[in-house]
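Q: My questions all concern the structure below.
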Amino acid sequence: MAQRFLSLWFRHLLTDDAASRRPALLTAPFVLAAPDHGRMVVTAANHLAQAQGIQKGIVVADARILLPTLEVLDDQPERSGQLLRAMALWCIRYTPVAAIDLPDGLILDISGCPQLWGGEAPYLAQIVTTLRGKGYDVRGAIADTVGTAWAIVRYGRTTPIIEPGATVDALLPLPVTALRLDPGVTNRLARLGLYKVRHIASMARQALRSRFGNDLLLRLDQAFGRETEVIEPVVPVVPYIERLPCLEPIVTATGIGIALSRLLEALCFRLQQDGKGLRMAVFKGYRLDGKTVHTAIGTHRATHSAPHLLKLFEEKIATLEPDLGIDLFTLEAPKVDDVDARQPSIWSGATGLQDPRLAELVDRVANRFGEECIRRYLPAEHYWPERAFVPATTFDARALTAWALKRPRPIHILSTPERIEVAAPIPDYPPMHFRHRGKLSKVVRAEGPERIEPEWWIDGARHRDYYAVEDEAGVRYWIFRSGPYTGLPSSPWFLHGYFA
């Protein structure tokens with residue numbers, strides 16, 4: 001796919017922003033100013049002030065001579081970056097790659113995106129029209145390279161869309177300042193009578209390098225597409241993402257469901273072609289009021305089954321508030337894994353953990369009630385019970401050792417044993433009764449002791465003598481005495497788990 005770039009230029013970014021916050025400034029000439037060597041200097045002027053001859057860089061006192069009624073506002077140096085970042089985040093609804101181009105522009109990598117809006121012309125028109133509706137004087141241009149798009153939007157006088165392959169013809173008539181050169185270089189070129197790009201495009205590279213440095217050659221190569229120019233998006237790009245613009249804003253849950261179904265089919269087809277399956281998916285809706293609503297689902301095993309994923313999303317669709325309407329939907333998969341090539345054959349005959357129906361059931365339960373409601377554990381090579389298992393990090397994780405099945409173990413083991421008070425007749429006998437959290441339990445049945453030694457490398461650890469006991473209410477406990485019997489004060493007892 002050929003790369004295409006869109007450059008947006010906000011001709012009066014800061015003053016348009018000030019006027020949007022103070023509507024009275026829309027009809028008044030005003031400037032922004034900042035101190036410079038003890039003087040207040042104009043840093044930005046709106047179009048009405050510029051019409052009176054007031055430009056960026058002049059002293060405020062001189063500007064007030066030209067226009068005594070001029071209103072002066074304090075400049076905020078960080079405001080430009082904040083505005084451009086907000087604009088770039090807004091533009092993500094049109095492309096996943098949006099970068100800031102200080103001090104007054106944005107660069108968008110729109111490769112493959114305009115076709116969703118019916119072509120580059122309607123795509124560009126919608127972006128520019130929407131931004132102008134927000135009160136910003138903005139221009140846009142589309143070309144094969146970042147440098148060409150940047151040059152055309154600021155210095156072009158014909159079409160804002162440069163067709164693929166027409167980069168050279170579009171650049172040659174432009175002034176050398178369109179190459180994003182240092183002002184010192186452009187001044188030296190002007191003194192030599194080199195005003196246009198065509199004047200230097202065919203000159204010997206060695207001569208240009210020796211006279212003007214490597215920066216001139218780099219900018220030429222970037223503009224003509226001989227050198228790749230990397231832009232840094234404000235949001236990291238997700239490799240797997242699908243978009244669906246809407247001709248009419250969607251306001252119903254049924255419409256949202258249809259959009260989601262189409263996006264899932266397209267995304268799962270791409271994943272299947274690449275031998276991938278998603279582990280996480282994020283569904284976003286961009287509303288007419290500029291806000292974004294979203295919801296996400298996760299899976300325990302990588303999958304590209306669109307029907308299964310749709311079921312996971314169905315219960316979350318009602319949480320999306322369309323307000324006045326959603327005009328663009330996106331579906332992205334920020335986390336994907338490889339899918340076993342044998343997966344299609346598993347659907348018919350697998351059982352146990354390999355049965356995809358089990359994975360789908362777990363996904364549905366987790367997405368409805370929360371991930372913390374589901375636990376799976378694997379055995380670990382430790383003697384002490386609280387260390388003898390570990391949580392499984394993935395659905396396909398395999399045990400490195402076998403479960404110890406020689407002696408019964410409670411289903412519920414406390415992560416930290418809790419101290420209890422006991423009354424035991426003689427050593428190696430189970431307690432007659434014990435008190436836990438203020439409740440007294442009388443023991444009617446007991447089994448044990450079972451001695452469990454700690455690993456030899458654990459300093460200061462003591463062996464444990466475990467008993468399985470049952471109280472009058474039929475509740476079965478797993479308790480132990482820590483260390484050898486030397487009397488109650490030095491032989492503490494603990495509750496460690498519950499049998500079913």
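Chain identifiers are assigned as A, B, and so on, following the order in which chains appear in the structure tokens; residues are numbered from 1 within each chain, and ligands are numbered from 1 in order of appearance.
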Can you list, as a PyMOL selection string, all residues belonging to region 66-181 of chain A that DSSP tags as alpha helix (DSSP H)?

A: chain A and resi 66+79-91+120-133+146-155+167-171

Q: What lies within 8 Å of Leu179 (chain A) using only C-alpha atoms, ignoring chain neighbours under 5 positions off, as an MDAnalysis selection string?

A: chainID A and resid 147 151 219:220 223

Q: Grab the residues selected above and save them as a PDB file, in the first residue's frame with N, CA and C atoms.

A:
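Result file result.pdb:
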```
ATOM      1  N   GLY A 147       6.997  15.903   3.673  1.00  0.00           N
ATOM      2  CA  GLY A 147       7.533  17.184   3.232  1.00  0.00           C
ATOM      3  C   GLY A 147       6.683  17.851   2.164  1.00  0.00           C
ATOM      4  N   ALA A 151       4.609  21.352   2.542  1.00  0.00           N
ATOM      5  CA  ALA A 151       4.884  22.468   1.640  1.00  0.00           C
ATOM      6  C   ALA A 151       3.623  22.946   0.935  1.00  0.00           C
ATOM      7  N   ARG A 219      16.341  17.421   3.669  1.00  0.00           N
ATOM      8  CA  ARG A 219      14.992  17.938   3.435  1.00  0.00           C
ATOM      9  C   ARG A 219      14.557  17.727   1.992  1.00  0.00           C
ATOM     10  N   LEU A 220      15.486  17.849   1.068  1.00  0.00           N
ATOM     11  CA  LEU A 220      15.157  17.574  -0.332  1.00  0.00           C
ATOM     12  C   LEU A 220      14.767  16.105  -0.514  1.00  0.00           C
ATOM     13  N   ALA A 223      11.356  15.376   1.055  1.00  0.00           N
ATOM     14  CA  ALA A 223      10.243  15.936   0.295  1.00  0.00           C
ATOM     15  C   ALA A 223       9.976  15.145  -0.970  1.00  0.00           C
TER      16      ALA A 223
END
```

Q: For region 447-461 of chain A, please output as a PyMOL selection string all residues within 9 Å (counting only C-alpha atoms; exclusion window: fewer than 5 positions along the same chain).

A: chain A and resi 382-385+407+428-430+466-469+480+483

Q: Hey, what's within 8 Å of Ala44 (chain A) if we count only C-alpha atoms and toss same-chain stuff fewer than 5 positions away? As an mmCIF file with C-alpha atoms, in the first residue's frame, please?

A:
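Output below, filename result.cif:
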```
data_model
loop_
_atom_site.group_PDB
_atom_site.id
_atom_site.type_symbol
_atom_site.label_atom_id
_atom_site.label_comp_id
_atom_site.auth_asym_id
_atom_site.auth_seq_id
_atom_site.Cartn_x
_atom_site.Cartn_y
_atom_site.Cartn_z
ATOM 1 C CA HIS A 12 -4.074 31.296 13.748
ATOM 2 C CA LEU A 14 -3.516 30.445 19.511
ATOM 3 C CA THR A 15 -5.729 33.397 18.634
ATOM 4 C CA VAL A 31 -2.703 39.924 20.016
ATOM 5 C CA LEU A 32 -0.892 37.595 22.378
ATOM 6 C CA ALA A 33 2.323 38.915 23.882
ATOM 7 C CA GLN A 55 2.544 41.041 12.808
ATOM 8 C CA LYS A 56 4.287 38.564 15.050
#
```

Q: Taking into account only C-alpha atoms, which residue in the set A:Met40, A:Ala2, A:Ala18, A:Leu83 is nearest to Pro103 (chain A)?

A: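 Nearest to Pro103 (chain A): A:Leu83.
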
Q: So that I can see what lies close to Phe224 (chain A), please list as number ranges by chain the residues with an atom at most 12 Å from it, counting only C-alpha atoms and leaving out residues fewer than 6 positions away in the same chain.

A: A: 143-149, 151, 164-172, 179, 197-198, 201, 217-218

Q: Quick one: of A:Ala253, A:Ala51, A:Ala34, A:Ala24, who's nearest to Glu315 (chain A), counting only C-alpha atoms?

A: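 Once distances to Glu315 (chain A) are computed over only C-alpha atoms, the minimum belongs to A:Ala253.
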
Q: So that I can check the surroundings of region 272-281 of chain A, please list as a ChimeraX atom specification every protein, DNA and RNA residue that reaches within 8 Å of it, counting only C-alpha atoms and ignoring chain neighbours fewer than 3 positions away.

A: /A:268-269,296-304,331-341

Q: Please list as an MDAnalysis selection string every residue within 9 Å of Pro379 (chain A), counting only C-alpha atoms and excluding residues in the same chain fewer than 6 positions away.

A: chainID A and resid 388:391 399:404

Q: Could those selected residues go to a file with C-alpha atoms, as an mmCIF file, in the first residue's frame?

A:
```cif
data_model
loop_
_atom_site.group_PDB
_atom_site.id
_atom_site.type_symbol
_atom_site.label_atom_id
_atom_site.label_comp_id
_atom_site.auth_asym_id
_atom_site.auth_seq_id
_atom_site.Cartn_x
_atom_site.Cartn_y
_atom_site.Cartn_z
ATOM 1 C CA ALA A 388 2.738 -25.699 46.775
ATOM 2 C CA PHE A 389 0.702 -24.017 44.020
ATOM 3 C CA VAL A 390 0.941 -20.987 41.740
ATOM 4 C CA PRO A 391 -1.707 -19.132 39.686
ATOM 5 C CA ALA A 399 2.348 -27.828 35.100
ATOM 6 C CA LEU A 400 6.039 -28.571 35.579
ATOM 7 C CA THR A 401 5.312 -31.093 38.334
ATOM 8 C CA ALA A 402 2.389 -33.280 39.472
ATOM 9 C CA TRP A 403 -0.114 -32.574 42.224
ATOM 10 C CA ALA A 404 0.606 -34.326 45.540
#
```

Q: For Phe434 (chain A), which residue among A:Trp478, A:Cys246, A:Pro96, A:Thr416 is the nearest when counting only C-alpha atoms?

A: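 Using only C-alpha atoms, the shortest distance to Phe434 (chain A) belongs to A:Trp478.
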
Q: Just checking: using only C-alpha atoms, which residue out of A:Glu386, A:Val138, A:Arg154, A:Trp90 ends up closest to Arg287 (chain A)?

A: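 Selected residue with least distance to Arg287 (chain A): A:Trp90.
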
Q: Could you please determine the separation between CA of Ala141 (chain A) and CA of Glu248 (chain A) in Å, to one decimal place?

A: 26.1 Å

Q: If you run DSSP on the backbone here, which positions in region 198-257 of chain A get strand (DSSP E or B)? Please write them as a VMD selection string.

A: chain A and resid 233 241 to 250

Q: How would the residues just chosen look if you wrote them out with N, CA and C atoms as a PDB file, in the first residue's frame?

A:
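To be explicit, this is the file written out as result.pdb:
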```pdb
ATOM      1  N   PRO A 233       3.614   9.224  16.481  1.00  0.00           N
ATOM      2  CA  PRO A 233       2.197   9.426  16.799  1.00  0.00           C
ATOM      3  C   PRO A 233       1.984   9.703  18.286  1.00  0.00           C
ATOM      4  N   ILE A 241      -6.439  -3.068  13.756  1.00  0.00           N
ATOM      5  CA  ILE A 241      -7.519  -2.122  14.033  1.00  0.00           C
ATOM      6  C   ILE A 241      -8.392  -2.002  12.788  1.00  0.00           C
ATOM      7  N   GLU A 242      -9.696  -1.920  13.007  1.00  0.00           N
ATOM      8  CA  GLU A 242     -10.654  -1.742  11.924  1.00  0.00           C
ATOM      9  C   GLU A 242     -11.521  -0.528  12.230  1.00  0.00           C
ATOM     10  N   ARG A 243     -11.940   0.169  11.150  1.00  0.00           N
ATOM     11  CA  ARG A 243     -12.747   1.383  11.293  1.00  0.00           C
ATOM     12  C   ARG A 243     -14.020   1.269  10.471  1.00  0.00           C
ATOM     13  N   LEU A 244     -15.077   1.905  10.973  1.00  0.00           N
ATOM     14  CA  LEU A 244     -16.346   1.902  10.261  1.00  0.00           C
ATOM     15  C   LEU A 244     -17.025   3.266  10.426  1.00  0.00           C
ATOM     16  N   PRO A 245     -16.854   4.173   9.442  1.00  0.00           N
ATOM     17  CA  PRO A 245     -17.584   5.446   9.494  1.00  0.00           C
ATOM     18  C   PRO A 245     -19.042   5.240   9.119  1.00  0.00           C
ATOM     19  N   CYS A 246     -19.900   6.108   9.603  1.00  0.00           N
ATOM     20  CA  CYS A 246     -21.344   5.970   9.381  1.00  0.00           C
ATOM     21  C   CYS A 246     -21.863   7.160   8.578  1.00  0.00           C
ATOM     22  N   LEU A 247     -22.685   6.867   7.578  1.00  0.00           N
ATOM     23  CA  LEU A 247     -23.277   7.944   6.792  1.00  0.00           C
ATOM     24  C   LEU A 247     -24.213   8.788   7.646  1.00  0.00           C
ATOM     25  N   GLU A 248     -24.938   8.131   8.549  1.00  0.00           N
ATOM     26  CA  GLU A 248     -25.830   8.822   9.481  1.00  0.00           C
ATOM     27  C   GLU A 248     -25.433   8.431  10.899  1.00  0.00           C
ATOM     28  N   PRO A 249     -25.499   9.354  11.853  1.00  0.00           N
ATOM     29  CA  PRO A 249     -25.124   9.022  13.243  1.00  0.00           C
ATOM     30  C   PRO A 249     -25.971   7.879  13.800  1.00  0.00           C
ATOM     31  N   ILE A 250     -25.342   6.975  14.525  1.00  0.00           N
ATOM     32  CA  ILE A 250     -26.011   5.819  15.122  1.00  0.00           C
ATOM     33  C   ILE A 250     -26.403   6.172  16.560  1.00  0.00           C
TER      34      ILE A 250
END
```

Q: Quick check, in Å to one decimal: how far apart do CA of Tyr136 (chain A) and CA of Gly325 (chain A) lie?

A: 23.2 Å
